[in-house]
Amino acid sequence: MKKWLIRLIILFIPILVWIVHFLITPLRINKSDLSIEIEPGSSLKTIAFQLVDEKILNEPWRFIILTKALGQSRKLRPGNYNLNPNITPYQLLKSFVDGRATEGSITFIEGQDLHSMLEKIKANDSIKKTMKPYDTKAIAIAVGIPYESAEGQFFPDTYYFSRNTTDIEILKRAYKAMQKKLNYEWAHRSEEAPYKNSYEALIMASIIEKETGKSIEANLISGVFIHRLSINMKLQSDPTVIYGLGKKFTGDITKKDLITDTPYNTYTREGLPPGPITMPGLISIRAALHPTKTDTLYFVGKGDGTHYFSANLNEHNNAVRKYQIK
């Protein structure tokens, strides 16, 4: 019995040395082959042969044996992986098990409209495109937005994701993030916020986002619009006019634009427009829900990102002549 045990140990020593040597020996991958994408549902055998096909391994069997011996054959995660040229087979396996996949990323910025967001998604090679066409109503349905338009419903932030994450998954994450932020701020709104629901607050936040040059003024601009609503005065916000004109807007707002009626023209229509006009950030959302109480009714840009605020039309007209008319 002892002789057989000794023979068995002697037999396994070369195998153990062979495995350890394989484990710790750098693969010395060619610099042109430093990434690999593991598709969802790939088996250990599929992955091993893929590593050979992509010239990362010379043969698949030692990697398969190593993975099974360590009990990791069902723990390999899909994803896009960047590899160190001197990575060892053990480090390679550990990367697959830990899911150290290269993540794609996309950044949505405050003040962007839905069209700009979708153009970013289309241009991102890491995102799997599934929406054809990118229609706002279709997006609203796919994401689960209870409104006809998806405009303004996504929280501006940087989102990280595994390669080949779908466009709808990205939008769902951004929508969920917006709902979480909006619902929290809605629950903590001030008594000065006059909205019937959080969607109205989101609409106002989108207007504040486009009107505000310096964040320090956001709450006061919110207060001006709330004051206008309280006395049944039209909001008279240029960005809503521009949004309503869409592709018809030439780049310089005109008197004709101001009197051209659209659902979003707050010079021709009372109250809030039917939906958001852009993607508001957290500062604008908070400003909409915490307006500064003010008697001010007008404001005009001073050319440096700040505004001059006026309580009456005469003062406002003087400010327009001073800051806008050259």
# chains A, B, ... in the order shown; residues from 1 in each chain; ligands from 1

call {"tool": "select_by_dssp", "arguments": {"residues": "segment 16-182 of chain A", "states": "helix (DSSP H, G or I)", "output": "ChimeraX atom specification"}}
result
/A:16-24,31-33,44-53,61-69,89-98,114-123,136-143,167-182

call {"tool": "residues_around", "arguments": {"residues": "Gly144 of chain A", "least_positions_apart": "3", "cutoff": "12 Å", "atoms": "only C-alpha atoms", "output": "PyMOL selection string"}}
result
chain A and resi 136-141+147-150+153+168-169+171-173+175-176+179

call {"tool": "select_by_dssp", "arguments": {"residues": "segment 13-253 of chain A", "states": "strand (DSSP E)", "output": "short mmCIF file (atom, residue, chain, number, x, y, z; two decimals) with N, CA, C and O atoms, in the first residue's frame"}}
result
data_model
loop_
_atom_site.label_atom_id
_atom_site.label_comp_id
_atom_site.auth_asym_id
_atom_site.auth_seq_id
_atom_site.Cartn_x
_atom_site.Cartn_y
_atom_site.Cartn_z
N SER A 35 -7.06 42.48 -25.82
CA SER A 35 -8.43 42.52 -25.33
C SER A 35 -9.19 41.30 -25.82
O SER A 35 -8.88 40.75 -26.88
N ILE A 36 -10.17 40.90 -25.02
CA ILE A 36 -11.01 39.77 -25.39
C ILE A 36 -12.40 40.01 -24.85
O ILE A 36 -12.56 40.51 -23.73
N GLU A 37 -13.39 39.66 -25.64
CA GLU A 37 -14.78 39.81 -25.21
C GLU A 37 -15.40 38.44 -25.02
O GLU A 37 -15.47 37.64 -25.96
N ILE A 38 -15.82 38.16 -23.77
CA ILE A 38 -16.48 36.91 -23.45
C ILE A 38 -17.99 37.12 -23.55
O ILE A 38 -18.55 37.94 -22.83
N GLY A 79 -18.00 39.61 -20.49
CA GLY A 79 -17.58 41.00 -20.46
C GLY A 79 -16.44 41.25 -21.44
O GLY A 79 -15.94 40.33 -22.08
N ASN A 80 -16.03 42.49 -21.54
CA ASN A 80 -14.90 42.88 -22.38
C ASN A 80 -13.70 43.11 -21.47
O ASN A 80 -13.74 43.96 -20.58
N TYR A 81 -12.61 42.36 -21.69
CA TYR A 81 -11.46 42.42 -20.79
C TYR A 81 -10.24 42.95 -21.51
O TYR A 81 -9.90 42.51 -22.61
N ASN A 82 -9.55 43.90 -20.87
CA ASN A 82 -8.24 44.33 -21.32
C ASN A 82 -7.19 43.55 -20.55
O ASN A 82 -7.29 43.41 -19.32
N GLU A 103 -15.17 48.33 -18.55
CA GLU A 103 -16.50 48.93 -18.62
C GLU A 103 -16.53 50.07 -19.62
O GLU A 103 -15.59 50.84 -19.72
N GLY A 104 -17.62 50.12 -20.36
CA GLY A 104 -17.85 51.29 -21.19
C GLY A 104 -18.43 52.38 -20.30
O GLY A 104 -18.82 52.13 -19.17
N SER A 105 -18.47 53.57 -20.82
CA SER A 105 -19.06 54.67 -20.05
C SER A 105 -19.71 55.67 -21.00
O SER A 105 -19.34 55.76 -22.17
N ILE A 106 -20.69 56.37 -20.47
CA ILE A 106 -21.34 57.43 -21.23
C ILE A 106 -21.75 58.52 -20.24
O ILE A 106 -22.16 58.21 -19.12
N THR A 107 -21.59 59.76 -20.65
CA THR A 107 -21.90 60.89 -19.78
C THR A 107 -23.02 61.72 -20.38
O THR A 107 -22.91 62.19 -21.52
N ILE A 127 -22.07 50.35 -26.63
CA ILE A 127 -23.50 50.15 -26.37
C ILE A 127 -24.13 49.39 -27.54
O ILE A 127 -23.93 49.73 -28.70
N LYS A 128 -24.91 48.37 -27.20
CA LYS A 128 -25.62 47.60 -28.22
C LYS A 128 -26.89 48.35 -28.61
O LYS A 128 -27.73 48.65 -27.76
N THR A 158 -22.54 60.24 -15.24
CA THR A 158 -21.73 59.28 -15.99
C THR A 158 -22.15 57.88 -15.60
O THR A 158 -22.18 57.55 -14.40
N TYR A 159 -22.47 57.07 -16.59
CA TYR A 159 -22.91 55.70 -16.35
C TYR A 159 -21.87 54.73 -16.89
O TYR A 159 -21.45 54.84 -18.05
N TYR A 160 -21.46 53.78 -16.04
CA TYR A 160 -20.50 52.75 -16.43
C TYR A 160 -21.24 51.45 -16.66
O TYR A 160 -22.21 51.14 -15.96
N PHE A 161 -20.77 50.67 -17.63
CA PHE A 161 -21.50 49.46 -17.98
C PHE A 161 -20.59 48.48 -18.69
O PHE A 161 -19.53 48.85 -19.21
N SER A 162 -21.00 47.23 -18.72
CA SER A 162 -20.26 46.21 -19.45
C SER A 162 -20.51 46.38 -20.94
O SER A 162 -21.59 46.83 -21.35
N THR A 165 -23.92 46.30 -23.36
CA THR A 165 -25.15 46.65 -22.65
C THR A 165 -26.04 47.40 -23.64
O THR A 165 -25.55 48.21 -24.43
N THR A 166 -27.34 47.12 -23.63
CA THR A 166 -28.21 47.71 -24.63
C THR A 166 -28.54 49.18 -24.33
O THR A 166 -28.45 49.62 -23.18
#

call {"tool": "residues_around", "arguments": {"residues": "Asn317 of chain A", "least_positions_apart": "5", "cutoff": "12 Å", "atoms": "only C-alpha atoms", "output": "list in words"}}
result
Tyr298, Phe299, Val300, Tyr308, Phe309, Ser310, Ala311, Asn312, Lys322, Tyr323, Gln324 and Ile325 of chain A

call {"tool": "atom_distance", "arguments": {"atom1": "atom CA of Ala287 of chain A", "atom2": "atom CA of Ser116 of chain A"}}
result
23.9 Å
